[in-house]
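S.K.: Data: work-v5.tsv, TSV, C-alpha atoms.
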chain	number	residue	atom	x	y	z
T	152	MET	CA	-62.94	1.85	-3.72
T	153	ASN	CA	-64.75	4.26	-6.02
T	154	ALA	CA	-63.35	7.75	-6.31
T	155	ILE	CA	-65.42	10.91	-6.01
T	156	ARG	CA	-65.93	12.06	-9.58
T	157	GLN	CA	-68.26	15.07	-9.43
T	158	ILE	CA	-69.02	17.58	-6.67
T	159	LEU	CA	-71.81	20.11	-7.00
T	160	ALA	CA	-71.94	23.09	-4.63
T	161	THR	CA	-74.87	25.47	-4.46
T	162	THR	CA	-74.71	29.14	-3.59
T	163	ASP	CA	-77.17	32.00	-3.16
T	164	LEU	CA	-74.24	34.45	-2.89
T	165	SER	CA	-74.60	34.70	0.89
T	166	ALA	CA	-71.65	34.32	3.28
T	167	PRO	CA	-72.75	30.86	4.57
T	168	ALA	CA	-73.09	29.65	0.98
T	169	ARG	CA	-69.61	30.97	0.26
T	170	HIS	CA	-68.28	28.76	3.07
T	171	ALA	CA	-69.95	25.80	1.36
T	172	MET	CA	-68.40	26.75	-1.97
T	173	ASP	CA	-64.96	26.99	-0.37
T	174	ARG	CA	-65.38	23.59	1.31
T	175	GLY	CA	-66.28	22.15	-2.07
T	176	PHE	CA	-63.08	23.57	-3.54
T	177	GLN	CA	-61.13	21.96	-0.71
T	178	LEU	CA	-62.72	18.55	-1.25
T	179	ALA	CA	-62.30	18.77	-5.03
T	180	ALA	CA	-58.62	19.67	-4.66
T	181	ALA	CA	-58.06	16.69	-2.35
T	182	SER	CA	-60.02	14.17	-4.41
T	183	GLY	CA	-59.35	15.35	-7.96
T	184	ALA	CA	-63.08	15.48	-8.62
T	185	ARG	CA	-64.71	17.74	-11.16
T	186	TYR	CA	-66.31	20.68	-9.44
T	187	THR	CA	-69.35	22.73	-10.38
T	188	VAL	CA	-70.73	25.77	-8.58
T	189	LEU	CA	-74.45	26.33	-9.12
T	190	HIS	CA	-76.52	29.44	-8.54
T	191	ALA	CA	-80.30	29.19	-8.85
T	192	LEU	CA	-81.64	32.49	-10.10
T	193	HIS	CA	-85.07	32.67	-8.53
T	194	LEU	CA	-87.08	35.09	-10.65
T	195	GLY	CA	-90.51	34.06	-9.37
T	196	PRO	CA	-91.26	37.38	-7.65
T	197	LEU	CA	-90.16	39.23	-10.78
T	198	ASP	CA	-92.52	37.18	-12.94
T	199	THR	CA	-95.52	38.57	-11.08
T	200	LEU	CA	-94.43	42.07	-12.09
T	201	ARG	CA	-93.76	41.39	-15.75
T	202	GLY	CA	-97.23	42.58	-16.72
T	203	LEU	CA	-96.50	45.92	-15.13
T	204	LEU	CA	-92.85	46.19	-16.08
T	205	GLY	CA	-93.16	45.02	-19.68
T	206	ASP	CA	-89.81	44.61	-21.42
T	207	SER	CA	-88.02	46.10	-18.42
T	208	GLY	CA	-88.87	42.95	-16.45
T	209	ALA	CA	-86.76	40.83	-18.80
T	210	GLN	CA	-84.00	43.43	-18.66
T	211	ILE	CA	-83.97	43.32	-14.86
T	212	GLY	CA	-83.77	39.55	-14.93
T	213	GLN	CA	-80.83	39.70	-17.33
T	214	ARG	CA	-79.06	42.25	-15.15
T	215	LEU	CA	-79.51	40.02	-12.12
T	216	GLU	CA	-78.04	37.07	-14.01
T	217	ASP	CA	-75.11	39.15	-15.26
T	218	ALA	CA	-74.41	40.43	-11.75
T	219	ALA	CA	-74.46	36.91	-10.32
T	220	ARG	CA	-72.18	35.63	-13.09
T	221	ASP	CA	-69.68	38.45	-12.54
T	222	SER	CA	-69.67	37.98	-8.75
T	223	LEU	CA	-69.26	34.22	-8.89
T	224	GLY	CA	-66.78	34.39	-11.73
T	225	ALA	CA	-64.54	36.61	-9.62
T	226	LEU	CA	-64.75	34.20	-6.69
T	227	LEU	CA	-63.98	31.18	-8.85
T	228	ALA	CA	-60.95	32.96	-10.31
T	229	ASP	CA	-59.61	34.01	-6.89
T	230	PRO	CA	-56.71	31.78	-5.70
T	231	ALA	CA	-57.82	32.40	-2.12
T	232	HIS	CA	-60.91	30.35	-2.96
T	233	HIS	CA	-60.18	27.97	-5.82
T	234	ARG	CA	-57.12	26.10	-4.40
T	235	GLY	CA	-55.95	25.33	-7.92
T	236	VAL	CA	-59.27	23.81	-8.98
T	237	ALA	CA	-60.83	24.96	-12.26
T	238	ALA	CA	-64.53	24.97	-11.38
T	239	SER	CA	-67.44	25.17	-13.79
T	240	LEU	CA	-70.16	27.74	-13.20
T	241	ARG	CA	-73.85	27.13	-13.78
T	242	ILE	CA	-76.56	29.75	-13.41
T	243	GLU	CA	-80.06	28.39	-13.90
T	244	ALA	CA	-83.38	30.20	-13.54
T	245	GLY	CA	-86.02	28.58	-11.38
T	246	ALA	CA	-87.00	27.58	-7.87
T	247	PRO	CA	-83.79	26.68	-5.97
T	248	VAL	CA	-84.66	23.12	-4.93
T	249	ASP	CA	-85.95	22.25	-8.41
T	250	VAL	CA	-82.86	23.73	-10.06
T	251	ILE	CA	-80.48	21.98	-7.66
T	252	THR	CA	-82.05	18.54	-8.02
T	253	ALA	CA	-82.21	18.83	-11.81
T	254	SER	CA	-78.59	20.01	-11.99
T	255	ALA	CA	-77.45	17.19	-9.68
T	256	ASP	CA	-79.02	14.71	-12.08
T	257	ALA	CA	-77.54	16.44	-15.12
T	258	GLU	CA	-74.07	16.51	-13.57
T	259	ASP	CA	-74.46	13.01	-12.07
T	260	ALA	CA	-73.10	14.52	-8.88
T	261	ASP	CA	-71.59	12.19	-6.31
T	262	LEU	CA	-71.90	14.83	-3.60
T	263	LEU	CA	-74.00	17.96	-3.04
T	264	VAL	CA	-72.52	20.74	-0.90
T	265	VAL	CA	-74.88	23.33	0.56
T	266	GLY	CA	-74.68	26.06	3.19
T	267	ALA	CA	-76.73	25.52	6.34
T	268	ARG	CA	-78.33	28.95	5.95
T	269	GLY	CA	-78.90	31.37	3.14
T	270	GLU	CA	-79.94	34.97	2.74
T	271	ALA	CA	-83.19	34.27	4.58
T	272	PHE	CA	-82.38	31.97	7.48
T	273	LEU	CA	-84.50	30.69	10.34
T	274	ARG	CA	-83.84	31.65	13.94
T	275	HIS	CA	-82.57	29.47	16.79
T	276	GLY	CA	-79.94	27.79	14.61
T	277	LEU	CA	-82.41	25.95	12.40
T	278	LEU	CA	-81.53	25.04	8.85
T	279	GLY	CA	-82.47	27.44	6.13
T	280	SER	CA	-85.56	26.44	4.18
T	281	THR	CA	-83.67	25.59	0.98
T	282	ALA	CA	-81.19	23.32	2.77
T	283	SER	CA	-83.99	21.64	4.70
T	284	ARG	CA	-86.11	21.01	1.60
T	285	LEU	CA	-83.08	19.84	-0.36
T	286	LEU	CA	-82.31	17.20	2.25
T	287	ARG	CA	-85.84	15.84	1.94
T	288	CYS	CA	-85.89	15.85	-1.85
T	289	THR	CA	-82.50	14.35	-2.74
T	290	ALA	CA	-83.04	10.79	-1.57
T	291	ALA	CA	-80.31	9.29	-3.77
T	292	ARG	CA	-77.35	11.57	-3.09
T	293	PRO	CA	-75.20	12.46	-0.09
T	294	VAL	CA	-75.57	16.08	1.01
T	295	LEU	CA	-72.85	17.93	2.92
T	296	VAL	CA	-74.35	20.71	5.04
T	297	VAL	CA	-71.61	23.28	5.73
T	298	LYS	CA	-71.87	25.38	8.87
T	299	GLN	CA	-68.30	26.53	9.45
T	300	PRO	CA	-65.62	28.26	7.33
T	301	PRO	CA	-63.26	25.55	5.96
T	302	HIS	CA	-60.00	26.62	7.57
T	303	GLU	CA	-58.50	23.13	7.24
T	304	PRO	CA	-59.42	19.64	5.99
T	305	TYR	CA	-61.71	17.58	8.18
T	306	ARG	CA	-59.74	15.93	10.98
T	307	ARG	CA	-62.27	14.03	13.11
T	308	VAL	CA	-65.54	12.53	11.91
T	309	LEU	CA	-68.18	11.57	14.45
T	310	ALA	CA	-70.20	8.70	12.97
T	311	PRO	CA	-73.33	7.61	14.89
T	312	VAL	CA	-74.06	3.94	14.17
T	313	ASP	CA	-77.36	2.14	14.72
T	314	PHE	CA	-76.23	-1.11	13.02
T	315	SER	CA	-78.87	-0.67	10.31
T	316	PRO	CA	-78.11	-2.09	6.83
T	317	GLY	CA	-76.69	1.24	5.70
T	318	SER	CA	-74.20	1.71	8.54
T	319	VAL	CA	-71.23	0.10	6.81
T	320	GLN	CA	-71.91	1.93	3.53
T	321	SER	CA	-72.13	5.25	5.36
T	322	VAL	CA	-68.76	4.76	7.05
T	323	ARG	CA	-67.20	3.70	3.75
T	324	LEU	CA	-68.53	6.86	2.13
T	325	ALA	CA	-67.01	9.01	4.87
T	326	ARG	CA	-63.71	7.22	4.41
T	327	ARG	CA	-63.71	7.96	0.69
T	328	LEU	CA	-64.60	11.60	1.23
T	329	VAL	CA	-62.06	12.28	3.99
T	330	PRO	CA	-59.48	9.48	3.84
T	331	THR	CA	-57.07	11.04	6.33
T	332	ALA	CA	-59.59	11.90	9.04
T	333	HIS	CA	-59.95	9.91	12.25
T	334	ILE	CA	-63.41	8.34	12.50
T	335	VAL	CA	-65.13	8.08	15.87
T	336	LEU	CA	-67.82	5.40	15.75
T	337	ILE	CA	-70.50	5.99	18.35
T	338	HIS	CA	-73.44	3.78	19.25
T	339	VAL	CA	-75.84	5.17	21.84
T	340	PHE	CA	-77.59	2.35	23.66
T	341	ASN	CA	-80.45	1.88	26.06
T	342	VAL	CA	-81.35	-1.31	27.89
T	343	PRO	CA	-84.65	-2.66	26.50
T	344	PHE	CA	-87.47	-2.62	29.04
T	345	GLU	CA	-85.18	-1.20	31.75
T	346	GLY	CA	-88.01	0.88	33.21
T	347	LYS	CA	-90.30	-2.12	33.39
T	348	LEU	CA	-87.57	-4.21	34.99
T	349	THR	CA	-87.23	-1.60	37.73
T	350	LEU	CA	-90.98	-1.44	38.25
T	351	ALA	CA	-91.04	-5.23	38.45
T	352	GLY	CA	-88.59	-5.09	41.33
T	353	VAL	CA	-85.61	-6.56	39.49
T	354	ASP	CA	-82.43	-6.14	41.54
T	355	GLN	CA	-80.31	-3.10	40.52
T	356	VAL	CA	-77.20	-5.28	40.47
T	357	ALA	CA	-78.83	-7.46	37.83
T	358	ILE	CA	-79.89	-4.40	35.81
T	359	HIS	CA	-76.33	-3.00	35.92
T	360	ALA	CA	-75.00	-6.35	34.74
T	361	TYR	CA	-77.53	-6.25	31.90
T	362	ARG	CA	-76.32	-2.76	30.95
T	363	ARG	CA	-72.71	-3.90	31.00
T	364	LYS	CA	-73.52	-6.86	28.76
T	365	GLN	CA	-75.36	-4.60	26.29
T	366	ARG	CA	-72.41	-2.19	26.20
T	367	GLU	CA	-69.83	-4.95	25.67
T	368	GLU	CA	-71.87	-6.44	22.84
T	369	SER	CA	-72.18	-3.02	21.21
T	370	LEU	CA	-68.43	-2.41	21.46
T	371	GLN	CA	-67.76	-5.73	19.77
T	372	ARG	CA	-70.24	-4.96	17.00
T	373	LEU	CA	-68.59	-1.57	16.40
T	374	HIS	CA	-65.21	-3.21	15.85
T	375	VAL	CA	-66.78	-5.74	13.46
T	376	LEU	CA	-68.44	-2.88	11.57
T	377	ALA	CA	-65.16	-0.96	11.38
T	378	ALA	CA	-63.43	-3.98	9.86
T	379	ALA	CA	-66.27	-4.42	7.34
T	380	ALA	CA	-65.92	-0.74	6.37
T	381	GLY	CA	-62.19	-1.18	5.77
T	382	LEU	CA	-60.97	0.77	8.80
T	383	GLU	CA	-57.70	-0.28	10.38
T	384	ALA	CA	-56.47	0.10	13.94
T	385	GLY	CA	-55.49	3.71	14.59
T	386	GLN	CA	-57.89	5.04	11.95
T	387	TYR	CA	-60.90	4.88	14.25
T	388	SER	CA	-62.06	4.77	17.85
T	389	VAL	CA	-65.33	3.63	19.42
T	390	LEU	CA	-67.77	5.05	21.95
T	391	VAL	CA	-70.81	3.42	23.53
T	392	PRO	CA	-72.59	5.91	25.81
T	393	ARG	CA	-76.04	5.33	27.24
T	394	GLY	CA	-78.92	7.78	26.92
T	395	ASP	CA	-80.76	9.88	24.36
T	396	PRO	CA	-79.08	9.37	20.94
T	397	ALA	CA	-79.27	12.95	19.66
T	398	GLN	CA	-78.24	14.44	22.99
T	399	GLN	CA	-75.27	12.11	23.31
T	400	VAL	CA	-74.08	12.76	19.75
T	401	ILE	CA	-74.26	16.52	20.24
T	402	ALA	CA	-72.39	16.23	23.55
T	403	GLN	CA	-69.69	14.07	21.99
T	404	GLU	CA	-69.26	16.55	19.14
T	405	GLN	CA	-67.59	18.84	21.67
T	406	GLU	CA	-65.87	16.10	23.67
T	407	GLN	CA	-64.29	14.57	20.58
T	408	ASP	CA	-63.52	17.90	18.90
T	409	ALA	CA	-65.34	16.67	15.80
T	410	ASP	CA	-65.50	18.89	12.74
T	411	LEU	CA	-67.85	16.63	10.75
T	412	ILE	CA	-70.81	14.49	11.81
T	413	LEU	CA	-72.06	11.64	9.65
T	414	VAL	CA	-75.81	11.01	9.83
T	415	GLY	CA	-78.30	9.08	7.73
T	416	LYS	CA	-81.73	9.43	6.28
T	417	HIS	CA	-83.89	6.80	7.90
T	418	GLY	CA	-87.08	4.96	7.23
T	419	THR	CA	-88.87	3.70	4.16
T	420	GLU	CA	-91.80	6.11	4.10
T	421	LEU	CA	-93.02	7.26	0.73
T	422	THR	CA	-93.53	10.82	1.93
T	423	GLU	CA	-90.34	12.86	1.53
T	424	GLU	CA	-91.28	14.90	4.60
T	425	LEU	CA	-90.68	11.78	6.70
T	426	LEU	CA	-87.25	10.91	5.33
T	427	LEU	CA	-85.28	12.71	8.02
T	428	GLY	CA	-85.58	10.91	11.34
T	429	SER	CA	-85.96	12.85	14.56
T	430	VAL	CA	-82.37	12.15	15.66
T	431	THR	CA	-81.01	13.39	12.33
T	432	LYS	CA	-83.15	16.53	12.51
T	433	ARG	CA	-81.88	17.37	16.01
T	434	ILE	CA	-78.27	16.84	15.03
T	435	LEU	CA	-78.69	19.02	11.94
T	436	ASN	CA	-80.31	21.80	13.92
T	437	GLU	CA	-78.28	21.72	17.14
T	438	SER	CA	-74.76	20.70	16.14
T	439	GLN	CA	-72.07	23.29	15.51
T	440	CYS	CA	-69.93	21.47	12.95
T	441	ASP	CA	-70.65	20.40	9.39
T	442	VAL	CA	-72.96	17.44	8.79
T	443	LEU	CA	-72.81	14.85	6.02
T	444	VAL	CA	-76.27	13.37	5.40
T	445	VAL	CA	-76.12	9.95	3.77
T	446	PRO	CA	-79.07	8.41	1.90
T	447	ASP	CA	-80.66	5.20	3.09
T	448	PRO	CA	-79.37	2.48	0.71
T	449	ARG	CA	-82.74	0.71	0.91
T	450	ARG	CA	-84.28	3.69	-0.92
T	451	VAL	CA	-81.54	4.19	-3.47
T	452	GLU	CA	-81.36	2.27	-6.73
T	453	HIS	CA	-78.12	3.99	-7.76
T	454	THR	CA	-75.59	5.03	-5.15
T	455	PRO	CA	-73.27	7.70	-6.65
T	456	LEU	CA	-70.30	7.05	-4.40
What does this structure look like when you write it as structure tokens?
M.R.:
Amino acid sequence: MNAIRQILATTDLSAPARHAMDRGFQLAAASGARYTVLHALHLGPLDTLRGLLGDSGAQIGQRLEDAARDSLGALLADPAHHRGVAASLRIEAGAPVDVITASADAEDADLLVVGARGEAFLRHGLLGSTASRLLRCTAARPVLVVKQPPHEPYRRVLAPVDFSPGSVQSVRLARRLVPTAHIVLIHVFNVPFEGKLTLAGVDQVAIHAYRRKQREESLQRLHVLAAAAGLEAGQYSVLVPRGDPAQQVIAQEQEQDADLILVGKHGTELTEELLLGSVTKRILNESQCDVLVVPDPRRVEHTPL
């Protein structure tokens, strides 16, 4: 079992990003991983004014960097935040997503930690634009999207399973990240062609028997998957509800008192915009707890964890 070696958290100095930074400290303290906090200093708007500002434009940029370094340095030195972890601080100028991806490669980060929203967040609970773009552009690395203040370590992980090739690897990753948490494996099923069977006049008793068979087979497959992922009895439980996958996962988040949801990037499309499946997008946007987004192993040549 590979240990987590390097965690990279990003911050734009907003309160949600501070929650992400604090969660990173908590995970680093528990795992013994090296920890880096990154701030992308976006000076693009200032660049357009350099012609008018002259040398003062460079001076303003330097003042902004100094202010960010002082603010973050104070947070990293505060025992209320650092939990005994000596974090490194990086401040890089450039567009946030470009800076983050380049820094993740430079640090060989096993895990990226990002706040769900930043200074400029979208309404209706949607992810901030930086977090959303980062999820689409970091195909090879797990991304932890932090939505809540980290008052305590993760206790219950809700792990939707579709029995795809990456399911076992995703559960193993969650186990490495939060080894003491209880993992709830959930597979949301629907009976194939159930609507057509009804239209064809198939007896409802037969359809119910078909549903029961599908559910029993799914339960058995979940236990097999748990064993393959190295989970032992008492470390996990299983759920097999029927219905819309995203809706059921969001409902079970509350029922199971989950504080972390494990979801995957799906598909093999070449366009990064298509990497996040519709179920993953809904869970990211509508769930209340933190979400760990795991890359599709079919698209990853090197898996950090």
S.K.: Figure out the distance between atom CA of T:Arg393 and atom CA of T:Cys440, please, to one decimal in Å.
M.R.: 22.4 Å
S.K.: Calculate how many Å separate atom CA of T:Asp163 from atom CA of T:Gly245, rounding to one decimal.
M.R.: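 Computing it gives 12.6 Å between the two atoms.
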S.K.: Using only C-alpha atoms, can you tell me which of T:Gln157, T:Thr162, T:Ser254, T:Gln386 comes closest to T:Ala219?
M.R.: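 When distances to T:Ala219 are compared using only C-alpha atoms, the smallest one comes from T:Thr162.
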S.K.: Considering only C-alpha atoms, can you say which of T:Leu411, T:Pro167, T:Pro446, T:Val391 comes closest to T:Gln320?
M.R.: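 Answer, going by the shortest atom-to-atom distance: T:Pro446.
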S.K.: With all atoms listed in the file as the counted atoms, please give the residues lying no more than 10 Å from T:Ala171, apart from itself and same-chain residues fewer than 3 positions off, as a list in words.
M.R.: Ala160, Thr161, Thr162, Ala166, Pro167, Ala168, Arg174, Gly175, Phe176, Gln177, Val188, Leu263, Val264, Val265, Gly266, Ala267, Leu295, Val296, Val297, Lys298, Gln299, Pro300, Pro301 and Asp441 of chain T
S.K.: Between atom CA of T:Ala260 and atom CA of T:Tyr186, what is the distance, to one decimal in Å?
M.R.: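 Interatomic distance here is 9.2 Å.
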S.K.: Pick out the residues sitting within 12 Å of T:Arg366, and hand them over as a ChimeraX atom specification; count only C-alpha atoms, and ignore anything fewer than 4 positions along from it in its own chain.
M.R.: /T:337-342,359-362,370-373,389-394
S.K.: Given the choices T:Ala397, T:Leu413, T:Ala191, T:Val319, which gets closest to T:Ala378 if the distance is worked out from only C-alpha atoms?
M.R.: T:Val319
S.K.: Under the rule that only C-alpha atoms are counted, which of T:Val312, T:Ala409, T:Leu328, T:Ala244 is the nearest residue to T:Gly183?
M.R.: T:Leu328
S.K.: With all atoms listed in the file as the atoms that count, which of T:Leu285, T:Ile211, T:His302, T:Thr431 lies nearest to T:Ala231?
M.R.: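 Comparing T:Leu285, T:Ile211, T:His302, T:Thr431 against T:Ala231, the winner is T:His302.
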S.K.: Using all atoms listed in the file, find the one residue out of T:Pro316, T:Gly385, T:Gly235, T:Gly415 that sits nearest to T:Asp173.
M.R.: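 Among the listed residues, the smallest separation from T:Asp173 belongs to T:Gly235.
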